[in-house]
$ cat run-v2.cif   # mmCIF, C-alpha atoms
data_upload
loop_
_atom_site.label_atom_id
_atom_site.label_comp_id
_atom_site.auth_asym_id
_atom_site.auth_seq_id
_atom_site.Cartn_x
_atom_site.Cartn_y
_atom_site.Cartn_z
CA MET Z 1 -63.52 -16.78 -79.32
CA PRO Z 2 -67.24 -16.97 -80.21
CA PHE Z 3 -69.69 -19.49 -78.80
CA ILE Z 4 -70.32 -20.98 -82.24
CA SER Z 5 -68.82 -19.85 -85.52
CA CYS Z 6 -68.70 -21.22 -89.05
CA GLU Z 7 -66.42 -19.49 -91.54
CA LYS Z 8 -66.40 -20.45 -95.24
CA VAL Z 9 -67.63 -23.95 -94.44
CA ASN Z 10 -68.08 -26.26 -97.41
CA TYR Z 11 -69.15 -29.88 -97.53
CA SER Z 12 -69.94 -32.23 -100.41
CA TYR Z 13 -71.32 -35.75 -100.73
CA LYS Z 14 -70.92 -37.89 -103.84
CA GLN Z 15 -74.20 -36.53 -105.18
CA GLY Z 16 -73.06 -32.93 -104.89
CA GLN Z 17 -72.22 -29.98 -102.67
CA VAL Z 18 -74.47 -29.43 -99.64
CA LEU Z 19 -72.86 -26.50 -97.81
CA LYS Z 20 -71.42 -23.61 -99.82
CA ASP Z 21 -69.24 -21.03 -98.06
CA LEU Z 22 -71.53 -21.14 -95.05
CA ASP Z 23 -70.91 -18.34 -92.55
CA PHE Z 24 -72.53 -17.48 -89.26
CA ARG Z 25 -71.32 -16.37 -85.85
CA VAL Z 26 -72.95 -16.42 -82.41
CA GLU Z 27 -70.80 -14.54 -79.92
CA LYS Z 28 -72.43 -15.38 -76.58
CA PRO Z 29 -73.69 -18.73 -75.25
CA SER Z 30 -77.16 -19.09 -76.74
CA ASN Z 31 -79.83 -21.62 -77.60
CA ILE Z 32 -79.96 -21.83 -81.38
CA ALA Z 33 -82.58 -23.03 -83.86
CA ILE Z 34 -81.73 -23.83 -87.48
CA ILE Z 35 -84.40 -24.06 -90.17
CA GLY Z 36 -84.22 -24.60 -93.90
CA PRO Z 37 -85.82 -26.53 -96.76
CA SER Z 38 -85.04 -30.21 -97.22
CA GLY Z 39 -81.51 -30.58 -98.59
CA SER Z 40 -80.31 -27.19 -97.33
CA GLY Z 41 -77.63 -28.82 -95.14
CA LYS Z 42 -79.15 -28.75 -91.65
CA THR Z 43 -78.19 -32.29 -90.57
CA THR Z 44 -74.80 -32.00 -92.23
CA LEU Z 45 -74.12 -28.81 -90.29
CA LEU Z 46 -74.92 -30.47 -86.96
CA LYS Z 47 -72.60 -33.38 -87.80
CA LEU Z 48 -69.83 -30.91 -88.59
CA LEU Z 49 -70.38 -29.11 -85.29
CA ASN Z 50 -69.59 -32.23 -83.26
CA GLY Z 51 -66.89 -33.67 -85.51
CA SER Z 52 -68.94 -36.52 -86.96
CA LEU Z 53 -68.02 -35.07 -90.35
CA PHE Z 54 -65.15 -32.83 -91.46
CA GLY Z 55 -65.36 -30.39 -94.34
CA ASN Z 56 -63.47 -27.30 -95.48
CA GLY Z 57 -63.47 -24.05 -93.54
CA GLU Z 58 -63.24 -23.25 -89.84
CA ILE Z 59 -65.75 -24.28 -87.19
CA ILE Z 60 -65.58 -23.13 -83.58
CA VAL Z 61 -67.83 -24.59 -80.88
CA ASN Z 62 -67.77 -23.19 -77.36
CA ASP Z 63 -64.40 -21.50 -77.85
CA GLN Z 64 -62.78 -24.61 -79.37
CA VAL Z 65 -61.82 -25.18 -83.01
CA VAL Z 66 -63.35 -28.42 -84.28
CA ASP Z 67 -60.66 -30.54 -85.95
CA ILE Z 68 -58.97 -33.92 -85.61
CA THR Z 69 -56.80 -32.77 -82.71
CA SER Z 70 -59.81 -31.58 -80.66
CA LEU Z 71 -62.16 -34.43 -81.59
CA LYS Z 72 -61.99 -36.30 -78.28
CA SER Z 73 -62.75 -33.15 -76.31
CA ILE Z 74 -65.54 -32.08 -78.69
CA LYS Z 75 -67.25 -35.48 -78.52
CA ARG Z 76 -67.24 -35.25 -74.73
CA LYS Z 77 -68.64 -31.71 -74.64
CA VAL Z 78 -71.04 -31.81 -77.60
CA SER Z 79 -73.72 -34.50 -77.88
CA LEU Z 80 -75.58 -35.24 -81.14
CA VAL Z 81 -79.11 -36.70 -81.25
CA LEU Z 82 -80.24 -37.73 -84.74
CA ASP Z 83 -83.73 -38.44 -86.07
CA ASP Z 84 -82.68 -41.72 -87.66
CA ASP Z 85 -85.13 -44.43 -86.48
CA ILE Z 86 -82.24 -46.51 -85.14
CA PHE Z 87 -83.15 -48.09 -81.82
CA VAL Z 88 -81.32 -50.93 -80.16
CA LYS Z 89 -83.36 -53.80 -78.76
CA GLU Z 90 -82.87 -52.93 -75.13
CA ARG Z 91 -84.84 -51.82 -72.12
CA VAL Z 92 -85.23 -48.12 -71.43
CA ILE Z 93 -83.09 -48.35 -68.28
CA ASP Z 94 -80.22 -49.95 -70.22
CA ILE Z 95 -80.33 -47.24 -72.89
CA LEU Z 96 -80.15 -44.54 -70.24
CA LYS Z 97 -77.20 -46.24 -68.52
CA GLN Z 98 -75.20 -46.89 -71.69
CA PRO Z 99 -73.74 -43.34 -72.13
CA PHE Z 100 -71.97 -43.65 -68.76
CA SER Z 101 -69.74 -46.39 -70.18
CA ASN Z 102 -67.79 -43.71 -72.04
CA LEU Z 103 -67.27 -41.53 -68.94
CA VAL Z 104 -65.02 -41.86 -65.93
CA LEU Z 105 -67.52 -41.30 -63.12
CA LYS Z 106 -67.89 -42.55 -59.60
CA PRO Z 107 -70.74 -45.09 -59.48
CA SER Z 108 -72.53 -42.90 -56.96
CA GLU Z 109 -72.42 -39.89 -59.31
CA ALA Z 110 -73.71 -41.93 -62.25
CA GLU Z 111 -76.55 -43.28 -60.11
CA GLN Z 112 -77.42 -39.77 -58.97
CA ARG Z 113 -77.60 -38.47 -62.54
CA LEU Z 114 -79.71 -41.45 -63.59
CA ALA Z 115 -82.10 -41.07 -60.67
CA SER Z 116 -82.42 -37.34 -61.31
CA ILE Z 117 -83.47 -37.72 -64.93
CA ILE Z 118 -85.84 -40.61 -64.16
CA ASP Z 119 -87.56 -38.54 -61.51
CA TYR Z 120 -87.68 -35.30 -63.50
CA PHE Z 121 -89.26 -36.94 -66.56
CA ASN Z 122 -91.38 -39.42 -64.57
CA LEU Z 123 -89.91 -42.49 -66.32
CA GLU Z 124 -90.32 -45.00 -63.51
CA GLY Z 125 -93.24 -46.77 -65.20
CA ILE Z 126 -91.38 -47.54 -68.46
CA LEU Z 127 -87.84 -48.29 -67.27
CA ASN Z 128 -88.13 -52.03 -67.88
CA GLU Z 129 -90.01 -51.76 -71.16
CA ASN Z 130 -88.31 -52.54 -74.47
CA ILE Z 131 -87.69 -49.36 -76.46
CA GLU Z 132 -89.31 -50.92 -79.53
CA ASP Z 133 -92.62 -51.25 -77.68
CA LEU Z 134 -92.93 -47.53 -76.94
CA LYS Z 135 -94.77 -44.90 -78.95
CA VAL Z 136 -92.58 -42.87 -81.32
CA ARG Z 137 -92.76 -39.76 -79.12
CA ASP Z 138 -91.54 -41.77 -76.11
CA LYS Z 139 -88.78 -43.44 -78.13
CA ILE Z 140 -87.52 -40.03 -79.22
CA LEU Z 141 -87.69 -38.66 -75.68
CA ILE Z 142 -85.56 -41.55 -74.39
CA LYS Z 143 -83.08 -41.01 -77.23
CA ILE Z 144 -82.78 -37.32 -76.32
CA LEU Z 145 -82.40 -38.09 -72.61
CA ALA Z 146 -79.63 -40.60 -73.39
CA GLY Z 147 -77.90 -37.75 -75.23
CA ILE Z 148 -78.03 -35.35 -72.28
CA ILE Z 149 -77.75 -37.63 -69.25
CA THR Z 150 -73.96 -37.20 -69.24
CA LYS Z 151 -74.45 -33.40 -69.02
CA PRO Z 152 -72.68 -32.23 -72.18
CA GLU Z 153 -72.06 -28.52 -72.57
CA ILE Z 154 -74.11 -28.48 -75.80
CA VAL Z 155 -76.66 -30.90 -77.25
CA LEU Z 156 -77.35 -30.93 -80.99
CA LEU Z 157 -80.94 -31.97 -81.72
CA ASP Z 158 -81.61 -32.97 -85.32
CA ASP Z 159 -85.35 -32.42 -85.93
CA VAL Z 160 -86.31 -34.61 -82.97
CA VAL Z 161 -88.13 -32.12 -80.74
CA GLY Z 162 -91.10 -31.97 -83.12
CA HIS Z 163 -91.94 -35.59 -82.27
CA LEU Z 164 -92.56 -34.76 -78.62
CA ILE Z 165 -95.87 -33.78 -77.04
CA GLU Z 166 -96.06 -30.20 -75.76
CA GLU Z 167 -95.71 -31.22 -72.12
CA ASP Z 168 -92.48 -33.11 -72.79
CA LYS Z 169 -91.09 -30.25 -74.91
CA ASN Z 170 -91.60 -27.78 -72.09
CA LEU Z 171 -90.13 -30.20 -69.57
CA LEU Z 172 -87.09 -30.87 -71.78
CA PHE Z 173 -86.21 -27.22 -72.27
CA LYS Z 174 -86.69 -26.46 -68.58
CA TYR Z 175 -84.35 -29.34 -67.76
CA LEU Z 176 -81.71 -28.12 -70.21
CA LYS Z 177 -81.88 -24.66 -68.66
CA LYS Z 178 -81.66 -26.09 -65.15
CA GLU Z 179 -78.59 -28.17 -66.04
CA ARG Z 180 -77.03 -25.31 -68.06
CA ILE Z 181 -76.92 -27.37 -71.24
CA TYR Z 182 -77.21 -25.23 -74.37
CA PHE Z 183 -78.90 -26.61 -77.47
CA VAL Z 184 -78.58 -26.23 -81.21
CA MET Z 185 -81.60 -27.75 -82.91
CA THR Z 186 -82.82 -28.15 -86.44
CA THR Z 187 -86.57 -28.22 -86.71
CA SER Z 188 -89.36 -28.44 -89.27
CA VAL Z 189 -91.90 -27.21 -86.69
CA MET Z 190 -91.88 -23.42 -86.77
CA GLU Z 191 -93.52 -23.12 -83.36
CA ASP Z 192 -90.44 -24.76 -81.84
CA VAL Z 193 -88.08 -21.97 -82.92
CA MET Z 194 -89.63 -19.91 -80.11
CA PHE Z 195 -87.66 -21.99 -77.60
CA ALA Z 196 -84.42 -20.59 -79.09
CA ASP Z 197 -82.66 -17.26 -78.53
CA TYR Z 198 -81.01 -17.23 -81.94
CA LEU Z 199 -82.31 -18.34 -85.34
CA VAL Z 200 -80.32 -19.35 -88.42
CA VAL Z 201 -82.14 -19.82 -91.73
CA LEU Z 202 -80.38 -21.95 -94.34
CA TYR Z 203 -81.17 -21.89 -98.05
CA LYS Z 204 -79.30 -23.85 -100.70
CA GLY Z 205 -76.40 -24.60 -98.37
CA ALA Z 206 -75.79 -21.04 -97.18
CA VAL Z 207 -77.17 -18.71 -94.51
CA ALA Z 208 -80.07 -16.65 -95.82
CA ILE Z 209 -80.59 -14.74 -92.58
CA GLU Z 210 -79.54 -15.05 -88.95
CA GLY Z 211 -80.02 -13.17 -85.70
CA LYS Z 212 -82.06 -13.06 -82.53
CA THR Z 213 -85.15 -15.18 -83.07
CA LEU Z 214 -87.78 -12.45 -82.91
CA SER Z 215 -85.71 -10.12 -85.08
CA VAL Z 216 -85.45 -12.77 -87.79
CA LEU Z 217 -89.16 -13.62 -87.61
CA LYS Z 218 -90.03 -9.97 -88.10
CA GLU Z 219 -88.53 -10.32 -91.60
CA GLU Z 220 -91.91 -11.75 -92.54
CA LYS Z 221 -91.69 -11.37 -96.31
CA LEU Z 222 -88.29 -13.06 -96.52
CA ILE Z 223 -89.35 -15.90 -94.22
CA ARG Z 224 -92.42 -16.56 -96.37
CA ARG Z 225 -90.44 -16.26 -99.60
CA LEU Z 226 -88.12 -18.99 -98.34
CA GLY Z 227 -91.13 -21.26 -97.87
CA PHE Z 228 -91.80 -21.03 -94.13
CA ASN Z 229 -94.89 -20.11 -92.17
CA LEU Z 230 -94.44 -17.94 -89.10
CA PRO Z 231 -95.25 -19.38 -85.67
CA PHE Z 232 -99.00 -18.90 -85.14
CA TYR Z 233 -98.92 -16.18 -82.47
CA VAL Z 234 -96.11 -14.30 -84.20
CA ASP Z 235 -98.14 -14.29 -87.42
CA LEU Z 236 -101.31 -13.28 -85.55
CA SER Z 237 -99.44 -10.43 -83.82
CA ILE Z 238 -98.31 -9.08 -87.19
CA GLN Z 239 -101.77 -9.36 -88.75
CA LEU Z 240 -103.55 -7.77 -85.78
CA GLY Z 241 -100.89 -5.07 -85.67
CA LEU Z 242 -101.83 -4.04 -89.21
CA TYR Z 243 -105.31 -3.21 -87.93
CA GLY Z 244 -104.08 -1.51 -84.78
CA VAL Z 245 -105.52 -4.19 -82.49
CA VAL Z 246 -102.15 -4.89 -80.82
CA ASP Z 247 -98.89 -2.98 -80.91
CA GLY Z 248 -96.31 -5.64 -80.10
CA MET Z 249 -95.19 -9.21 -80.70
CA TYR Z 250 -96.94 -11.83 -78.55
CA LEU Z 251 -95.74 -15.41 -78.31
CA ASN Z 252 -98.58 -17.25 -76.60
CA LYS Z 253 -102.33 -17.20 -76.10
CA GLU Z 254 -102.26 -15.70 -72.60
CA ASP Z 255 -100.17 -12.67 -73.59
CA MET Z 256 -102.19 -12.17 -76.77
CA VAL Z 257 -105.52 -12.19 -74.90
CA SER Z 258 -104.17 -9.78 -72.29
CA ALA Z 259 -102.96 -7.40 -75.00
CA ILE Z 260 -106.30 -7.43 -76.82
CA TRP Z 261 -108.40 -6.87 -73.69
CA LYS Z 262 -106.20 -4.43 -71.78
#

$ encode --input "run-v2.cif" --output "structure tokens"
Amino acid sequence: MPFISCEKVNYSYKQGQVLKDLDFRVEKPSNIAIIGPSGSGKTTLLKLLNGSLFGNGEIIVNDQVVDITSLKSIKRKVSLVLDDDIFVKERVIDILKQPFSNLVLKPSEAEQRLASIIDYFNLEGILNENIEDLKVRDKILIKILAGIITKPEIVLLDDVVGHLIEEDKNLLFKYLKKERIYFVMTTSVMEDVMFADYLVVLYKGAVAIEGKTLSVLKEEKLIRRLGFNLPFYVDLSIQLGLYGVVDGMYLNKEDMVSAIWK
């Protein structure tokens, strides 16, 4: 079975159909980014992937068909973090502890996981602060950490990474890699797709293009026609390549400078 697969997936709300015979397939475990215009079905797709919604068609996540019979297992393995402005009036430490209430863990193991994430993200100074008193970027970080502290196999991130500062983004993705947690994220920040191995572009409820991230981004004309700007250094690589200044795709300032001055 594939890592993630959607076959003829349809979903409608009262106001109309959102996903229309959506198909895509990722064979090997991968980190996936999903982009698309507003209303193209990105959030709906994430909710379908973890069984928060059910539509028509077949969905497979990490070798398991998502349906009513597998829902308990899917919810345990696949965590969903939404950009929904809903924050309970609790301290940071209580929010981080809450996900453990749904797991059968030895107290010592829960404490170890909690201590590990507090230390890794340097949260000691805000543990007793009320979540409502934090800056938006810190609120979102805590929400994401609460979604991964139980070590799911996959975390679904619904346009939340863009709220983080660059340092926290890098730290988050390093942590996910260290803990072997794969991610599927929707994003409106094109620079963030560079964290993903695989890119899916939605348009009007269907897949316009999919594939390895760099391969998709090389389809420059299609990407622009769909209303997206390329990540800065990808765009710069293409433009400089037209003038023979560089002959490859460079993803950051350091590599770009080295290529220009070699």

$ residues_around --input "run-v2.cif" --residues "Z:Gly51" --least-positions-apart "2" --cutoff "8 Å" --atoms "only C-alpha atoms" --output "list in words"
Lys47, Leu48, Leu49, Leu53, Phe54, Val66, Asp67, Ile68, Leu71, Ile74 and Lys75 of chain Z

$ atom_distance --input "run-v2.cif" --atom1 "atom CA of Z:Glu179" --atom2 "atom CA of Z:Asp83"
23.1 Å

$ closest_residue --input "run-v2.cif" --among "Z:Asp235, Z:Asp158, Z:Gly41, Z:Ile131" --to "Z:Tyr13" --atoms "all atoms listed in the file"
Z:Gly41

$ residues_around --input "run-v2.cif" --residues "Z:Tyr120" --least-positions-apart "6" --cutoff "10 Å" --atoms "all atoms listed in the file" --output "PyMOL selection string"
chain Z and resi 171-172+175

$ closest_atom_pairs --input "run-v2.cif" --of "stretch 35-132 of chain Z" --to "stretch 215-226 of chain Z" --cutoff "12 Å" --atoms "all atoms listed in the file" --output "tab-separated table"
residue	atom	partner	partner_atom	distance
Z:Ile35	CA	Z:Leu226	CA	10.3
Z:Gly36	CA	Z:Leu226	CA	8.1
Z:Pro37	CA	Z:Leu226	CA	8.0
Z:Ser38	CA	Z:Leu226	CA	11.7
Z:Ser40	CA	Z:Leu226	CA	11.4

$ residues_around --input "run-v2.cif" --residues "Z:Lys139" --least-positions-apart "2" --cutoff "12 Å" --atoms "all atoms listed in the file" --output "NGL selection string"
:Z and (83-92 or 95-96 or 123 or 126-127 or 129-137 or 141-146 or 160-161 or 163-164)

$ closest_residue --input "run-v2.cif" --among "Z:Leu19, Z:Pro99, Z:Arg180, Z:Val193" --to "Z:Gly162" --atoms "all atoms listed in the file"
Z:Val193

$ closest_residue --input "run-v2.cif" --among "Z:Ile149, Z:Ile154, Z:Val234, Z:Leu22" --to "Z:Gly205" --atoms "only C-alpha atoms"
Z:Leu22

$ residues_around --input "run-v2.cif" --residues "Z:Phe173" --least-positions-apart "2" --cutoff "10 Å" --atoms "only C-alpha atoms" --output "MDAnalysis selection string"
chainID Z and resid 161 168:171 175:179 181:183 195:196

$ residues_near_point --input "run-v2.cif" --point "(-105.6, -11.5, -77.9)" --cutoff "10 Å" --atoms "all atoms listed in the file" --output "PyMOL selection string"
chain Z and resi 233+236-237+240+245-246+250+252-262

$ write_last_selection --input "run-v2.cif" --atoms "C-alpha atoms" --output "PDB file, keeping the file's coordinate frame"
ATOM      1  CA  TYR Z 233     -98.920 -16.180 -82.470  1.00  0.00           C
ATOM      2  CA  LEU Z 236    -101.310 -13.280 -85.550  1.00  0.00           C
ATOM      3  CA  SER Z 237     -99.440 -10.430 -83.820  1.00  0.00           C
ATOM      4  CA  LEU Z 240    -103.550  -7.770 -85.780  1.00  0.00           C
ATOM      5  CA  VAL Z 245    -105.520  -4.190 -82.490  1.00  0.00           C
ATOM      6  CA  VAL Z 246    -102.150  -4.890 -80.820  1.00  0.00           C
ATOM      7  CA  TYR Z 250     -96.940 -11.830 -78.550  1.00  0.00           C
ATOM      8  CA  ASN Z 252     -98.580 -17.250 -76.600  1.00  0.00           C
ATOM      9  CA  LYS Z 253    -102.330 -17.200 -76.100  1.00  0.00           C
ATOM     10  CA  GLU Z 254    -102.260 -15.700 -72.600  1.00  0.00           C
ATOM     11  CA  ASP Z 255    -100.170 -12.670 -73.590  1.00  0.00           C
ATOM     12  CA  MET Z 256    -102.190 -12.170 -76.770  1.00  0.00           C
ATOM     13  CA  VAL Z 257    -105.520 -12.190 -74.900  1.00  0.00           C
ATOM     14  CA  SER Z 258    -104.170  -9.780 -72.290  1.00  0.00           C
ATOM     15  CA  ALA Z 259    -102.960  -7.400 -75.000  1.00  0.00           C
ATOM     16  CA  ILE Z 260    -106.300  -7.430 -76.820  1.00  0.00           C
ATOM     17  CA  TRP Z 261    -108.400  -6.870 -73.690  1.00  0.00           C
ATOM     18  CA  LYS Z 262    -106.200  -4.430 -71.780  1.00  0.00           C
TER      19      LYS Z 262
END

$ resolve_selection --input "run-v2.cif" --expression "the PyMOL selection byres ((chain Z and resi 202) around 12)" --output "PyMOL selection string"
chain Z and resi 18-24+33-45+186-187+199-201+203-210+223+226-228

$ atom_distance --input "run-v2.cif" --atom1 "atom CA of Z:Gly57" --atom2 "atom CA of Z:Ser5"
10.5 Å

$ closest_residue --input "run-v2.cif" --among "Z:Gln112, Z:Asn102, Z:Asp192, Z:Leu80" --to "Z:Ile148" --atoms "all atoms listed in the file"
Z:Leu80

$ residues_near_point --input "run-v2.cif" --point "(-70.8, -35.5, -78.8)" --cutoff "9 Å" --atoms "only C-alpha atoms" --output "number ranges by chain"
Z: 50-52, 72-81, 147, 152, 154-156

$ atom_distance --input "run-v2.cif" --atom1 "atom CA of Z:Gly211" --atom2 "atom CA of Z:Glu166"
25.4 Å

$ closest_residue --input "run-v2.cif" --among "Z:Leu46, Z:Leu230, Z:Ala115, Z:Leu214" --to "Z:Asp159" --atoms "only C-alpha atoms"
Z:Leu46

$ decode --input "run-v2.cif" --residues "stretch 189-206 of chain Z" --atoms "N, CA and C atoms" --output "PDB file, in the first residue's frame"
ATOM      1  N   VAL Z 189       2.572  30.195   2.427  1.00  0.00           N
ATOM      2  CA  VAL Z 189       3.910  30.789   2.342  1.00  0.00           C
ATOM      3  C   VAL Z 189       4.755  29.896   1.436  1.00  0.00           C
ATOM      4  N   MET Z 190       5.024  30.358   0.230  1.00  0.00           N
ATOM      5  CA  MET Z 190       5.703  29.503  -0.744  1.00  0.00           C
ATOM      6  C   MET Z 190       7.099  29.096  -0.304  1.00  0.00           C
ATOM      7  N   GLU Z 191       7.767  29.914   0.474  1.00  0.00           N
ATOM      8  CA  GLU Z 191       9.101  29.544   0.949  1.00  0.00           C
ATOM      9  C   GLU Z 191       9.042  28.252   1.769  1.00  0.00           C
ATOM     10  N   ASP Z 192       7.926  28.022   2.441  1.00  0.00           N
ATOM     11  CA  ASP Z 192       7.827  26.872   3.346  1.00  0.00           C
ATOM     12  C   ASP Z 192       7.707  25.538   2.610  1.00  0.00           C
ATOM     13  N   VAL Z 193       7.340  25.565   1.325  1.00  0.00           N
ATOM     14  CA  VAL Z 193       7.239  24.294   0.603  1.00  0.00           C
ATOM     15  C   VAL Z 193       8.612  23.642   0.471  1.00  0.00           C
ATOM     16  N   MET Z 194       9.684  24.425   0.656  1.00  0.00           N
ATOM     17  CA  MET Z 194      11.033  23.882   0.521  1.00  0.00           C
ATOM     18  C   MET Z 194      11.383  22.925   1.656  1.00  0.00           C
ATOM     19  N   PHE Z 195      10.603  22.917   2.728  1.00  0.00           N
ATOM     20  CA  PHE Z 195      10.806  21.940   3.803  1.00  0.00           C
ATOM     21  C   PHE Z 195      10.288  20.554   3.412  1.00  0.00           C
ATOM     22  N   ALA Z 196       9.475  20.485   2.348  1.00  0.00           N
ATOM     23  CA  ALA Z 196       8.803  19.237   1.975  1.00  0.00           C
ATOM     24  C   ALA Z 196       9.528  18.524   0.838  1.00  0.00           C
ATOM     25  N   ASP Z 197       9.390  17.189   0.818  1.00  0.00           N
ATOM     26  CA  ASP Z 197       9.953  16.373  -0.260  1.00  0.00           C
ATOM     27  C   ASP Z 197       9.034  16.334  -1.470  1.00  0.00           C
ATOM     28  N   TYR Z 198       7.725  16.461  -1.196  1.00  0.00           N
ATOM     29  CA  TYR Z 198       6.709  16.220  -2.215  1.00  0.00           C
ATOM     30  C   TYR Z 198       5.710  17.378  -2.172  1.00  0.00           C
ATOM     31  N   LEU Z 199       5.290  17.825  -3.338  1.00  0.00           N
ATOM     32  CA  LEU Z 199       4.393  18.992  -3.417  1.00  0.00           C
ATOM     33  C   LEU Z 199       3.143  18.649  -4.219  1.00  0.00           C
ATOM     34  N   VAL Z 200       1.994  18.973  -3.654  1.00  0.00           N
ATOM     35  CA  VAL Z 200       0.705  18.774  -4.319  1.00  0.00           C
ATOM     36  C   VAL Z 200       0.058  20.146  -4.490  1.00  0.00           C
ATOM     37  N   VAL Z 201      -0.320  20.466  -5.718  1.00  0.00           N
ATOM     38  CA  VAL Z 201      -0.962  21.750  -6.007  1.00  0.00           C
ATOM     39  C   VAL Z 201      -2.429  21.501  -6.327  1.00  0.00           C
ATOM     40  N   LEU Z 202      -3.314  22.073  -5.531  1.00  0.00           N
ATOM     41  CA  LEU Z 202      -4.752  21.933  -5.756  1.00  0.00           C
ATOM     42  C   LEU Z 202      -5.295  23.146  -6.511  1.00  0.00           C
ATOM     43  N   TYR Z 203      -6.278  22.892  -7.344  1.00  0.00           N
ATOM     44  CA  TYR Z 203      -6.962  23.979  -8.049  1.00  0.00           C
ATOM     45  C   TYR Z 203      -8.401  23.543  -8.311  1.00  0.00           C
ATOM     46  N   LYS Z 204      -9.324  24.322  -7.786  1.00  0.00           N
ATOM     47  CA  LYS Z 204     -10.753  24.029  -7.941  1.00  0.00           C
ATOM     48  C   LYS Z 204     -11.105  22.611  -7.512  1.00  0.00           C
ATOM     49  N   GLY Z 205     -10.537  22.183  -6.381  1.00  0.00           N
ATOM     50  CA  GLY Z 205     -10.915  20.912  -5.786  1.00  0.00           C
ATOM     51  C   GLY Z 205     -10.284  19.684  -6.386  1.00  0.00           C
ATOM     52  N   ALA Z 206      -9.318  19.866  -7.282  1.00  0.00           N
ATOM     53  CA  ALA Z 206      -8.639  18.727  -7.897  1.00  0.00           C
ATOM     54  C   ALA Z 206      -7.135  18.991  -7.904  1.00  0.00           C
TER      55      ALA Z 206
END
